[in-house]
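Novice: Please read through the structure below; I'll follow up with questions.
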Amino acid sequence: MPELPEAEANRRRIEADALNRTIEGFWLGDTEHVDIPGDNERARLVGRQITETRRHGKIIFAGSKSGPWLAVHLGMTGSLRPYDGEERPEYTRIAVEFEGDRRLGFRDPRKFGWMKVIDDPETYLAEDRVGPDARQIGRDAFREVIGGSGGALKSALMNQGKLAGLGNLWSDEMLFQTGVAPTAKGSDLDEETLDALFDAMGEVLGTLIEVNADYSKLPSDWLKPGRKEGADCPRCGGTIAKRKVGGRTAFYCDSHQGA
DNA sequence: ACAGTTGTTCGGAG
DNA sequence: ACTCCGAACAACTG
């Protein structure tokens with residue numbers, strides 16, 4: 001379930017199991033409609049090694065100082081799976097084959113993810129107009145970006161050009177913990193509320209990264225464990241409600257989130 | 001069987 | 001030119 005914390009957990013798998021091994025080639029599965037690098041792009045990586053990784057928002061980068069780099073977006077259902085030999089997980093679309101038996105698979109059942117070969121992360125992020133990473137943005141920049149948005153707050157939080165890393169689940173969570181309605185307008189919020197949102201974002205993402213995105217380890221007073229319509233709110237006497245906001249299903253407390 | 005889905009992109013309206 | 005919204009995308013899961 002890939003938003004920023006899940007992308008971070010996947011990045012760590014590369015660090016743990018796919019670093020400093022020479023790339024010999026690629027395995028290709030059912031890649032129809034999957035956006036992956038072509039022959040010439042893949043060939044740029046053969047003979048090279050992944051020596052470092054990065055993450056910006058939901059995008060994972062794997063490469064080396066002089067490049068080129070692999071950039072991966074997990075889409076809605078993607079994950080990176082190191083494996084050995086032919087122990088390939090189902091729905092693996094493409095896999096990097098390292099010297100020896102090690103492979104790094106890109107599993108993506110619903111084919112909404114992508115993989116590219118790029119020269120370097122900074123240039124890619126600038127050209128693609130990706131906003132500041134949600135873990136790196138400062139309080140002032142957050143106030144400006146979110147406080148300056150005109151539409152539904154939830155939509156602004158999920159807009160990767162404004163702020164990179166939040167999706168449906170964790171935008172709901174930070175709004176829930178702050179007590180603000182998903183439909184509130186950013187431009188209507190006072191500074192105090194914007195700061196509270198910023199703090200909640202840090203708390204939510206920080207906690208998730210700490211537990212390596214293992215949802216079973218989340219506090220019981222979070223929205224996520226009981227994120228379904230009609231559930232009792234774990235923070236007040238309210239009830240969890242559901243509605244479409246910005247084209248996605250938002251869950252929120254009908255009592256302490258004001259609307 | 002059929003509805004629902006964690007994300008991005010695109011066209012069109014404002 | 002920029003912002004915002006809704007629909008579309010593909011294919012699996014419950």
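Chain labels follow the order of the structure tokens: the first chain is A, the next B, and so on; residue numbering restarts at 1 in every chain, and ligands are counted from 1 in their shown order.
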Please report as JSON lines every residue of chain A lying within 8 Å of chain C, along with the nearest atom pair and their distance in Å (one decimal), using only C-alpha atoms (C1' of nucleotides).

Specialist:
```
{"residue": "A:Pro109", "atom": "CA", "partner": "C:DC12", "partner_atom": "C1'", "distance": 6.6}
{"residue": "A:Arg110", "atom": "CA", "partner": "C:DA11", "partner_atom": "C1'", "distance": 5.0}
{"residue": "A:Lys111", "atom": "CA", "partner": "C:DA10", "partner_atom": "C1'", "distance": 6.4}
{"residue": "A:Phe112", "atom": "CA", "partner": "C:DA10", "partner_atom": "C1'", "distance": 7.4}
{"residue": "A:Gly151", "atom": "CA", "partner": "C:DC4", "partner_atom": "C1'", "distance": 6.7}
{"residue": "A:Gly246", "atom": "CA", "partner": "C:DC5", "partner_atom": "C1'", "distance": 7.0}
{"residue": "A:Gly247", "atom": "CA", "partner": "C:DG6", "partner_atom": "C1'", "distance": 6.7}
```

Novice: Return the neighbours of chain B among the residues of chain A, cut-off 7 Å, counting only C-alpha atoms (C1' of nucleotides), as a list in words.

Specialist: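 So the residues of chain A near chain B are Met1, Pro2, Gly75, Met76, Asn168 and Leu169 of chain A.
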
Novice: Using only all heavy atoms, please write the residues we just selected to a file, as a compact mmCIF listing (two decimals), in the first residue's frame.

Specialist:
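Okay, result_10.txt is ready:
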```txt
# COMPACT_ATOMS: atom_id res chain seq x y z
N MET A 1 0.85 -1.19 0.00
CA MET A 1 0.00 0.00 0.00
C MET A 1 0.87 1.22 0.00
O MET A 1 1.15 1.81 1.04
CB MET A 1 -0.87 -0.04 1.23
CG MET A 1 -1.59 -1.36 1.32
SD MET A 1 -2.58 -1.48 2.76
CE MET A 1 -3.26 -3.11 2.51
N PRO A 2 1.32 1.57 -1.14
CA PRO A 2 2.48 2.45 -1.21
C PRO A 2 2.22 3.94 -1.20
O PRO A 2 1.84 4.52 -2.21
CB PRO A 2 3.15 2.03 -2.53
CG PRO A 2 2.17 1.20 -3.26
CD PRO A 2 0.96 1.04 -2.44
N GLY A 75 2.98 2.65 -7.77
CA GLY A 75 1.57 2.71 -8.18
C GLY A 75 0.66 2.37 -7.02
O GLY A 75 0.88 2.78 -5.89
N MET A 76 -0.39 1.62 -7.29
CA MET A 76 -1.33 1.28 -6.23
C MET A 76 -1.02 -0.05 -5.56
O MET A 76 -1.43 -0.30 -4.44
CB MET A 76 -2.75 1.22 -6.79
CG MET A 76 -3.36 2.57 -6.99
SD MET A 76 -4.92 2.47 -7.85
CE MET A 76 -6.04 2.63 -6.48
N ASN A 168 -4.07 8.52 -0.08
CA ASN A 168 -5.40 8.48 0.53
C ASN A 168 -5.37 8.14 2.03
O ASN A 168 -5.96 8.83 2.86
CB ASN A 168 -6.27 7.46 -0.22
CG ASN A 168 -7.74 7.69 0.01
OD1 ASN A 168 -8.15 8.75 0.45
ND2 ASN A 168 -8.54 6.69 -0.28
N LEU A 169 -4.67 7.08 2.36
CA LEU A 169 -4.65 6.60 3.75
C LEU A 169 -4.06 7.62 4.73
O LEU A 169 -4.66 7.95 5.75
CB LEU A 169 -3.81 5.32 3.81
CG LEU A 169 -4.48 4.01 4.20
CD1 LEU A 169 -5.87 3.90 3.62
CD2 LEU A 169 -3.60 2.85 3.76
```

Novice: Could you state the separation of atom CA of A:Glu15 and atom CA of A:Thr51 in Å, given to one decimal place?

Specialist: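 The value is 8.6 Å.
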
Novice: Neighbouring residues of A:Thr249 were defined as those with any atom within 12 Å, considering only C-alpha atoms (C1' of nucleotides); residues of the same chain fewer than 5 positions away were excluded. Please report them as a PyMOL selection string.

Specialist: (chain A and resi 154-155+167-169+171-172+182-183+227-229+241-244) or (chain B and resi 4-6)

Novice: When DSSP is applied to the backbone of this structure, which of stretch 13-153 of chain A are assigned strand (DSSP E or B)? Write them out as a VMD selection string.

Specialist: chain A and resid 22 to 28 35 49 52 to 56 59 to 63 69 to 73 79 to 84 92 to 98 102 to 107 114 to 118 133 152

Novice: Run DSSP on the backbone and grab whatever in stretch 53-183 of chain A lands in helix (DSSP H, G or I); send it over as a ChimeraX atom specification.

Specialist: /A:121-127,139-147,153-158,168-178

Novice: With N, CA, C and O atoms retained, write the just-selected residues as a short mmCIF file (atom, residue, chain, number, x, y, z; two decimals), in the first residue's frame.

Specialist:
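Final output, out18.cif:
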```
data_model
loop_
_atom_site.label_atom_id
_atom_site.label_comp_id
_atom_site.auth_asym_id
_atom_site.auth_seq_id
_atom_site.Cartn_x
_atom_site.Cartn_y
_atom_site.Cartn_z
N PRO A 121 18.55 11.65 -9.97
CA PRO A 121 17.29 11.95 -9.29
C PRO A 121 16.92 13.44 -9.28
O PRO A 121 15.77 13.79 -9.54
N GLU A 122 17.88 14.31 -9.02
CA GLU A 122 17.57 15.74 -8.90
C GLU A 122 16.98 16.29 -10.19
O GLU A 122 15.97 16.99 -10.19
N THR A 123 17.62 15.97 -11.30
CA THR A 123 17.13 16.46 -12.59
C THR A 123 15.75 15.91 -12.88
O THR A 123 14.85 16.63 -13.32
N TYR A 124 15.57 14.63 -12.59
CA TYR A 124 14.27 14.01 -12.85
C TYR A 124 13.17 14.70 -12.04
O TYR A 124 12.11 15.04 -12.57
N LEU A 125 13.42 14.92 -10.77
CA LEU A 125 12.40 15.53 -9.89
C LEU A 125 12.05 16.94 -10.33
O LEU A 125 10.90 17.36 -10.28
N ALA A 126 13.06 17.67 -10.78
CA ALA A 126 12.82 19.04 -11.23
C ALA A 126 12.02 19.04 -12.53
O ALA A 126 11.03 19.77 -12.65
N GLU A 127 12.41 18.22 -13.45
CA GLU A 127 11.71 18.18 -14.75
C GLU A 127 10.28 17.70 -14.60
O GLU A 127 9.40 18.14 -15.33
N ARG A 139 8.25 23.74 8.23
CA ARG A 139 6.98 24.28 8.71
C ARG A 139 6.50 25.46 7.87
O ARG A 139 5.32 25.54 7.51
N ASP A 140 7.38 26.35 7.54
CA ASP A 140 6.99 27.56 6.79
C ASP A 140 6.54 27.22 5.37
O ASP A 140 5.54 27.74 4.89
N ALA A 141 7.30 26.36 4.72
CA ALA A 141 6.94 25.98 3.35
C ALA A 141 5.61 25.23 3.35
O ALA A 141 4.78 25.41 2.45
N PHE A 142 5.40 24.41 4.37
CA PHE A 142 4.13 23.67 4.47
C PHE A 142 2.96 24.64 4.62
O PHE A 142 1.93 24.52 3.93
N ARG A 143 3.11 25.63 5.49
CA ARG A 143 2.08 26.65 5.67
C ARG A 143 1.73 27.31 4.35
O ARG A 143 0.57 27.52 4.02
N GLU A 144 2.76 27.64 3.62
CA GLU A 144 2.57 28.36 2.37
C GLU A 144 1.86 27.50 1.32
O GLU A 144 0.90 27.94 0.69
N VAL A 145 2.34 26.27 1.16
CA VAL A 145 1.80 25.39 0.14
C VAL A 145 0.36 24.98 0.45
O VAL A 145 -0.53 25.08 -0.40
N ILE A 146 0.13 24.54 1.67
CA ILE A 146 -1.20 24.05 2.03
C ILE A 146 -2.15 25.21 2.36
O ILE A 146 -3.31 25.20 1.96
N GLY A 147 -1.64 26.20 3.04
CA GLY A 147 -2.47 27.37 3.36
C GLY A 147 -2.84 28.15 2.10
O GLY A 147 -3.78 28.94 2.11
N LEU A 153 -8.83 20.37 1.31
CA LEU A 153 -7.55 20.14 1.99
C LEU A 153 -6.97 18.76 1.64
O LEU A 153 -5.78 18.61 1.35
N LYS A 154 -7.81 17.76 1.68
CA LYS A 154 -7.34 16.41 1.38
C LYS A 154 -6.72 16.33 -0.01
O LYS A 154 -5.69 15.69 -0.20
N SER A 155 -7.35 16.98 -0.99
CA SER A 155 -6.81 16.97 -2.35
C SER A 155 -5.44 17.65 -2.41
O SER A 155 -4.54 17.19 -3.09
N ALA A 156 -5.32 18.76 -1.69
CA ALA A 156 -4.05 19.49 -1.67
C ALA A 156 -2.94 18.63 -1.05
O ALA A 156 -1.82 18.58 -1.56
N LEU A 157 -3.28 17.95 0.03
CA LEU A 157 -2.28 17.11 0.72
C LEU A 157 -1.81 15.97 -0.18
O LEU A 157 -0.66 15.54 -0.10
N MET A 158 -2.70 15.49 -1.05
CA MET A 158 -2.36 14.37 -1.91
C MET A 158 -1.75 14.80 -3.25
O MET A 158 -1.34 13.97 -4.04
N ASN A 168 -4.07 8.52 -0.08
CA ASN A 168 -5.40 8.48 0.53
C ASN A 168 -5.37 8.14 2.03
O ASN A 168 -5.96 8.83 2.86
N LEU A 169 -4.67 7.08 2.36
CA LEU A 169 -4.65 6.60 3.75
C LEU A 169 -4.06 7.62 4.73
O LEU A 169 -4.66 7.95 5.75
N TRP A 170 -2.87 8.08 4.44
CA TRP A 170 -2.18 8.91 5.44
C TRP A 170 -2.62 10.36 5.43
O TRP A 170 -2.45 11.07 6.43
N SER A 171 -3.22 10.82 4.33
CA SER A 171 -3.84 12.15 4.39
C SER A 171 -5.07 12.07 5.31
O SER A 171 -5.28 12.96 6.13
N ASP A 172 -5.85 11.01 5.18
CA ASP A 172 -6.99 10.82 6.10
C ASP A 172 -6.51 10.79 7.55
O ASP A 172 -7.11 11.39 8.43
N GLU A 173 -5.43 10.06 7.77
CA GLU A 173 -4.94 9.87 9.14
C GLU A 173 -4.52 11.19 9.78
O GLU A 173 -4.87 11.47 10.93
N MET A 174 -3.79 12.02 9.05
CA MET A 174 -3.33 13.27 9.67
C MET A 174 -4.48 14.25 9.87
O MET A 174 -4.48 15.01 10.85
N LEU A 175 -5.47 14.21 8.98
CA LEU A 175 -6.65 15.07 9.17
C LEU A 175 -7.44 14.61 10.39
O LEU A 175 -7.89 15.42 11.20
N PHE A 176 -7.57 13.31 10.54
CA PHE A 176 -8.26 12.73 11.69
C PHE A 176 -7.57 13.14 12.99
O PHE A 176 -8.21 13.58 13.95
N GLN A 177 -6.26 12.98 13.02
CA GLN A 177 -5.52 13.27 14.25
C GLN A 177 -5.51 14.75 14.58
O GLN A 177 -5.39 15.14 15.74
N THR A 178 -5.64 15.59 13.56
CA THR A 178 -5.68 17.03 13.81
C THR A 178 -7.09 17.51 14.10
O THR A 178 -7.29 18.58 14.67
#
```

Novice: Which value, in Å to one decimal, gives the distance between atom CA of A:Pro132 and atom CA of A:Ser79?

Specialist: 22.8 Å

Novice: Atom CA of A:Lys217 and atom CA of A:Glu203 are how many Å apart?

Specialist: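 Those two atoms sit 14.3 Å apart.
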
Novice: If we count only C-alpha atoms (C1' of nucleotides) and set the cut-off at 8 Å, which residues sit around A:Val96, ignoring sequence neighbours fewer than 6 positions away in its own chain? Please answer as a JSON list (two decimals) with N, CA and C atoms, in the first residue's frame.

Specialist:
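After the write, result.json holds the following:
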```json
[["chain", "number", "residue", "atom", "x", "y", "z"],
["A", 23, "ILE", "N", 25.17, -5.88, -11.99],
["A", 23, "ILE", "CA", 23.94, -6.20, -12.74],
["A", 23, "ILE", "C", 24.31, -6.93, -14.03],
["A", 24, "GLU", "N", 23.72, -8.08, -14.22],
["A", 24, "GLU", "CA", 24.02, -8.86, -15.43],
["A", 24, "GLU", "C", 22.95, -8.75, -16.49],
["A", 25, "GLY", "N", 21.75, -8.44, -16.08],
["A", 25, "GLY", "CA", 20.67, -8.32, -17.06],
["A", 25, "GLY", "C", 19.33, -8.16, -16.36],
["A", 26, "PHE", "N", 18.27, -8.37, -17.13],
["A", 26, "PHE", "CA", 16.92, -8.20, -16.60],
["A", 26, "PHE", "C", 16.05, -9.38, -16.99],
["A", 27, "TRP", "N", 15.16, -9.76, -16.09],
["A", 27, "TRP", "CA", 14.15, -10.76, -16.41],
["A", 27, "TRP", "C", 12.87, -10.01, -16.71],
["A", 103, "ARG", "N", 18.23, -11.56, -7.29],
["A", 103, "ARG", "CA", 17.41, -10.75, -8.17],
["A", 103, "ARG", "C", 16.67, -9.70, -7.35],
["A", 104, "LEU", "N", 16.29, -8.61, -8.03],
["A", 104, "LEU", "CA", 15.43, -7.62, -7.40],
["A", 104, "LEU", "C", 14.20, -7.50, -8.28],
["A", 105, "GLY", "N", 13.09, -8.05, -7.79],
["A", 105, "GLY", "CA", 11.86, -8.07, -8.59],
["A", 105, "GLY", "C", 10.96, -6.87, -8.33]]
```
